[in-house]
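Participant: Dropping the structure in here first, questions after.
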Amino acid sequence: MTHDPVHQPHSTVDHAAMGIAKEHPTWSTYWKVAVILTLITAIEVWIYYIPSFVASRLFVPSLLIMSAVKFVTVVLFYMHLRYDHKLFRALFMGPLIIAAVTMLGLMFLFGKLSIGVGAPN
Amino acid sequence: MTHASAAHGTHAHSAHDDTHGHPPTSTGLDNKKIAIWAFIGSECMLFASLISTYLIYKRRSVVGPYPHDACLPPLCSTPLPAILDIPITSASTFVLLMSSLAMVLALAAVEMKDQPKRTTGERILGSSKLWLWMTALLGATFLGFQAYEFTSFVHEGLTLRTNLFGSSFFTLTGFHGAHVTVGVLWLLSLLAIDYRRGLGPKDAINVDLAALYWHFVDVVWIVIFTLVYLIK
């Protein structure tokens with residue numbers, strides 16, 4: 001195993017003893033993730049200033065998708081959820097799903113979201 | 001317990017494993033790391049309720065100022081522009097994202113403290129003090145942006161009591177700012193330990209807990225920035 005700290009920041013990790021399936025990312029990966037997060041944020045702000053795009057039906061979905069990508073990227077790479085024990089994933093994903101479903105339920109209840117079923121003509 | 005297992009929340013199942021004076025857990029995982037993930041899970045629901053409240057009250061304010069639209073007479077006694085300042089908030093969002101990078105580099109530096117550093121680049125990347133300082137300073141900068149935003153909003157006539165937007169906005173972003181403040185204090189306490197006796201691989205679990213909290217605060221802001229500031 002190499003001892004180059006730049007390319008193997010977790011070279012001392014004993015995967016077999018810890019039951020970790022994948023090694024944590026390297027420093028260069030962390031920098032790449034930061035660049036990706038910055039680029040997505042720049043795109044989000046850029047499209048905010050394009051009136052024709054803001055008026056289109058693509059505006060909100062594209063912002064939500066970009067936000068979700070940033071969220072997932074931070075959770076997987078910076079919070080190491082992609083690499084750590086599955087119990088941590090369950091502890092995070094369980095409440096997150098409950099929270100998301102609760103939010104959607106409240107949006108429907110208060111008329112912020114609607115579906116065609118039962119809607120008045 | 002190896003420092004590697006401390007960093008990643010797992011204990012080796014050795015009879016000689018003292019795990020900081022605690023017996024090995026039945027899961028083999030560090031109790032503190034399980035606790036922080038359970039706490040983060042509960043925080044998801046807290047912020048979901050605050051964000052839901054904001055979204056439900058959105059566009060239901062009877063009087064201005066409004067977040068994305070100008071408020072004209074007779075709704076406002078004097079014309080008021082849209083109150084949200086996207087360039088300022090974009091800058092603060094960038095600052096918080098970079099603080100997450102600094103935090104993850106701080107954790108890596110603590111985990112690698114015992115590794116030899118041959119080049120200047122390795123010494124910079126391996127300096128836990130540098131990256132903890134960077135994280136704390138970027139967090140404090142974010143709080144400065146928020147203080148500026150809140151002050152300018154109050155000067156423009158938006159307070160917690162002005163309208164539904166003001167109530168839900170200040171509550172949501174105020175709670176988030178309080179979390180960032182706690183995170184900065186946590187980072188400063190880690191820095192104090194680092195200066196006092198040095199943070200090494202055996203402390204990686206404690207730095208990891210702070211890092212998880214800090215990244216969570218970051219992901220909450222990612223959601224708030226989109227739902228509150230960008231979506232009109």
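Naming works like this for the structure tokens: A, B, ... for the chains as they're shown, residue 1 at the start of each chain, ligands 1 onward in shown order.
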Residues of chain B within 8 Å of chain A, using only C-alpha atoms, as a PDB file with C-alpha atoms, in the first residue's frame?
Facilitator:
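The file below, part-v7.pdb, is the result:
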ATOM      1  CA  HIS B   3      -7.300   5.285  14.269  1.00  0.00           C
ATOM      2  CA  ALA B   4      -8.831   4.173  11.009  1.00  0.00           C
ATOM      3  CA  SER B   5     -11.711   2.497  12.749  1.00  0.00           C
ATOM      4  CA  HIS B   8     -15.091   5.608  10.271  1.00  0.00           C
ATOM      5  CA  THR B  10     -16.305   1.015  13.584  1.00  0.00           C
ATOM      6  CA  HIS B  11     -14.559  -0.876  16.334  1.00  0.00           C
ATOM      7  CA  ALA B  12     -12.275  -3.820  15.896  1.00  0.00           C
ATOM      8  CA  ILE B  34     -24.658   6.347  15.288  1.00  0.00           C
ATOM      9  CA  TRP B  37     -26.550  10.209  12.218  1.00  0.00           C
ATOM     10  CA  ALA B  38     -29.749   9.725  14.269  1.00  0.00           C
ATOM     11  CA  ILE B  40     -29.070  14.432  11.625  1.00  0.00           C
ATOM     12  CA  GLY B  41     -32.101  12.319  10.721  1.00  0.00           C
ATOM     13  CA  SER B  42     -34.206  14.167  13.288  1.00  0.00           C
ATOM     14  CA  CYS B  44     -34.093  16.537   8.522  1.00  0.00           C
ATOM     15  CA  MET B  45     -37.614  16.499   9.902  1.00  0.00           C
ATOM     16  CA  ALA B  48     -38.649  19.868   6.522  1.00  0.00           C
ATOM     17  CA  SER B  49     -41.308  21.340   8.816  1.00  0.00           C
ATOM     18  CA  SER B  52     -42.934  23.392   4.500  1.00  0.00           C
ATOM     19  CA  LEU B  55     -43.712  27.195   1.197  1.00  0.00           C
ATOM     20  CA  ILE B  56     -47.278  27.031   2.517  1.00  0.00           C
ATOM     21  CA  ILE B  86     -29.688  36.957  -5.122  1.00  0.00           C
ATOM     22  CA  SER B  90     -25.159  33.383  -4.168  1.00  0.00           C
ATOM     23  CA  PHE B  94     -20.468  29.653  -2.460  1.00  0.00           C
ATOM     24  CA  LEU B  97     -19.949  25.163  -0.115  1.00  0.00           C
ATOM     25  CA  MET B  98     -16.237  25.960   0.153  1.00  0.00           C
ATOM     26  CA  SER B 100     -17.603  21.990   3.347  1.00  0.00           C
ATOM     27  CA  LEU B 101     -14.519  21.384   1.204  1.00  0.00           C
ATOM     28  CA  VAL B 104     -13.522  17.413   4.614  1.00  0.00           C
ATOM     29  CA  LEU B 105      -9.858  18.378   4.093  1.00  0.00           C
ATOM     30  CA  ALA B 108      -8.461  13.995   6.056  1.00  0.00           C
ATOM     31  CA  GLU B 111      -6.633  11.092   9.802  1.00  0.00           C
ATOM     32  CA  MET B 112      -3.263  11.472   8.071  1.00  0.00           C
ATOM     33  CA  GLN B 115       1.888  10.217   7.687  1.00  0.00           C
ATOM     34  CA  PRO B 116       5.171  11.804   6.567  1.00  0.00           C
ATOM     35  CA  LYS B 117       4.739  15.047   4.599  1.00  0.00           C
ATOM     36  CA  GLU B 122       1.436  17.701   1.347  1.00  0.00           C
ATOM     37  CA  LEU B 125      -3.049  19.548   2.802  1.00  0.00           C
ATOM     38  CA  ALA B 211     -17.734  17.292   9.898  1.00  0.00           C
ATOM     39  CA  LEU B 212     -21.008  15.382   9.503  1.00  0.00           C
ATOM     40  CA  HIS B 215     -21.976  19.073   5.926  1.00  0.00           C
ATOM     41  CA  PHE B 216     -25.577  18.618   7.026  1.00  0.00           C
ATOM     42  CA  VAL B 219     -26.988  20.475   2.480  1.00  0.00           C
ATOM     43  CA  ILE B 222     -28.517  23.919  -0.638  1.00  0.00           C
ATOM     44  CA  VAL B 223     -32.238  23.190  -0.306  1.00  0.00           C
ATOM     45  CA  THR B 226     -33.181  26.792  -4.219  1.00  0.00           C
ATOM     46  CA  LEU B 230     -34.308  30.983  -6.594  1.00  0.00           C
ATOM     47  CA  ILE B 231     -37.791  29.579  -7.172  1.00  0.00           C
TER      48      ILE B 231
END
Participant: Could you pull the residues within 9 Å of Ile224 (chain B), counting only C-alpha atoms, minus those fewer than 5 positions along the same chain, as a list of chain:residue names?
Facilitator: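 Using only C-alpha atoms, the neighbours found are B:Ile51, B:Leu172, B:Thr173, B:Val219, B:Tyr229.
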Participant: Would you mind exporting C-alpha atoms of the selected residues as a PDB file, in the first residue's frame?
Facilitator:
ATOM      1  CA  ILE B  51     -39.366  24.693   4.851  1.00  0.00           C
ATOM      2  CA  LEU B 172     -36.308  29.261   8.701  1.00  0.00           C
ATOM      3  CA  THR B 173     -33.094  31.119   7.934  1.00  0.00           C
ATOM      4  CA  VAL B 219     -26.988  20.475   2.480  1.00  0.00           C
ATOM      5  CA  TYR B 229     -34.252  32.276  -3.019  1.00  0.00           C
TER       6      TYR B 229
END
Participant: Would you mind reading off the distance between CA of Val182 (chain B) and CA of Trp133 (chain B), one decimal, in Å?
Facilitator: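 Distance reported for this atom pair: 15.1 Å.
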Participant: Grab the CA of Ser114 (chain A) to CA of Ser61 (chain B) distance for me, in Å with one decimal place.
Facilitator: 21.0 Å
Participant: Which distance in Å separates CA of Arg197 (chain B) and CA of Lys129 (chain B), to one decimal?
Facilitator: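 Separation between CA of Arg197 (chain B) and CA of Lys129 (chain B): 11.9 Å.
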Participant: Using DSSP assignments from the backbone, pull out every residue in chain B that falls under strand (DSSP E or B) and give it to me as a PyMOL selection string.
Facilitator: chain B and resi 10+29+71+80
Participant: Got a sec: who's within 12 Å of Thr78 (chain B), counting only C-alpha atoms, leaving out chain neighbours fewer than 6 positions off, as a PDB file with N, CA and C atoms, in the first residue's frame?
Facilitator:
ATOM      1  N   VAL B  63     -49.541  42.138   3.038  1.00  0.00           N
ATOM      2  CA  VAL B  63     -48.775  43.365   2.814  1.00  0.00           C
ATOM      3  C   VAL B  63     -47.336  43.016   2.455  1.00  0.00           C
ATOM      4  N   GLY B  64     -46.638  43.970   1.815  1.00  0.00           N
ATOM      5  CA  GLY B  64     -45.240  43.772   1.442  1.00  0.00           C
ATOM      6  C   GLY B  64     -44.312  44.087   2.589  1.00  0.00           C
ATOM      7  N   PRO B  65     -43.024  43.983   2.390  1.00  0.00           N
ATOM      8  CA  PRO B  65     -42.325  43.627   1.148  1.00  0.00           C
ATOM      9  C   PRO B  65     -42.468  42.137   0.804  1.00  0.00           C
ATOM     10  N   ALA B  70     -42.096  43.311  -6.669  1.00  0.00           N
ATOM     11  CA  ALA B  70     -42.177  44.640  -6.073  1.00  0.00           C
ATOM     12  C   ALA B  70     -43.530  44.823  -5.403  1.00  0.00           C
ATOM     13  N   CYS B  71     -43.565  45.640  -4.369  1.00  0.00           N
ATOM     14  CA  CYS B  71     -44.817  45.936  -3.670  1.00  0.00           C
ATOM     15  C   CYS B  71     -45.182  47.394  -3.982  1.00  0.00           C
ATOM     16  N   LEU B  72     -46.332  47.560  -4.655  1.00  0.00           N
ATOM     17  CA  LEU B  72     -46.731  48.893  -5.089  1.00  0.00           C
ATOM     18  C   LEU B  72     -47.955  49.349  -4.313  1.00  0.00           C
ATOM     19  N   GLU B 156     -35.413  47.792   5.287  1.00  0.00           N
ATOM     20  CA  GLU B 156     -36.370  47.939   4.180  1.00  0.00           C
ATOM     21  C   GLU B 156     -37.800  47.667   4.631  1.00  0.00           C
ATOM     22  N   GLY B 157     -37.981  47.392   5.899  1.00  0.00           N
ATOM     23  CA  GLY B 157     -39.336  47.258   6.433  1.00  0.00           C
ATOM     24  C   GLY B 157     -39.827  45.840   6.626  1.00  0.00           C
TER      25      GLY B 157
END
Participant: Could you tell me which of B:Asp194, B:Thr119, B:Met103, B:Pro24 comes closest to Asp208 (chain B) if we count only C-alpha atoms?
Facilitator: B:Met103
Participant: Which is closest to Trp214 (chain B) among B:Leu107, B:Ala91, B:Leu50, B:Cys76, if we use only C-alpha atoms?
Facilitator: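 Nearest candidate to Trp214 (chain B) out of B:Leu107, B:Ala91, B:Leu50, B:Cys76: B:Leu107.
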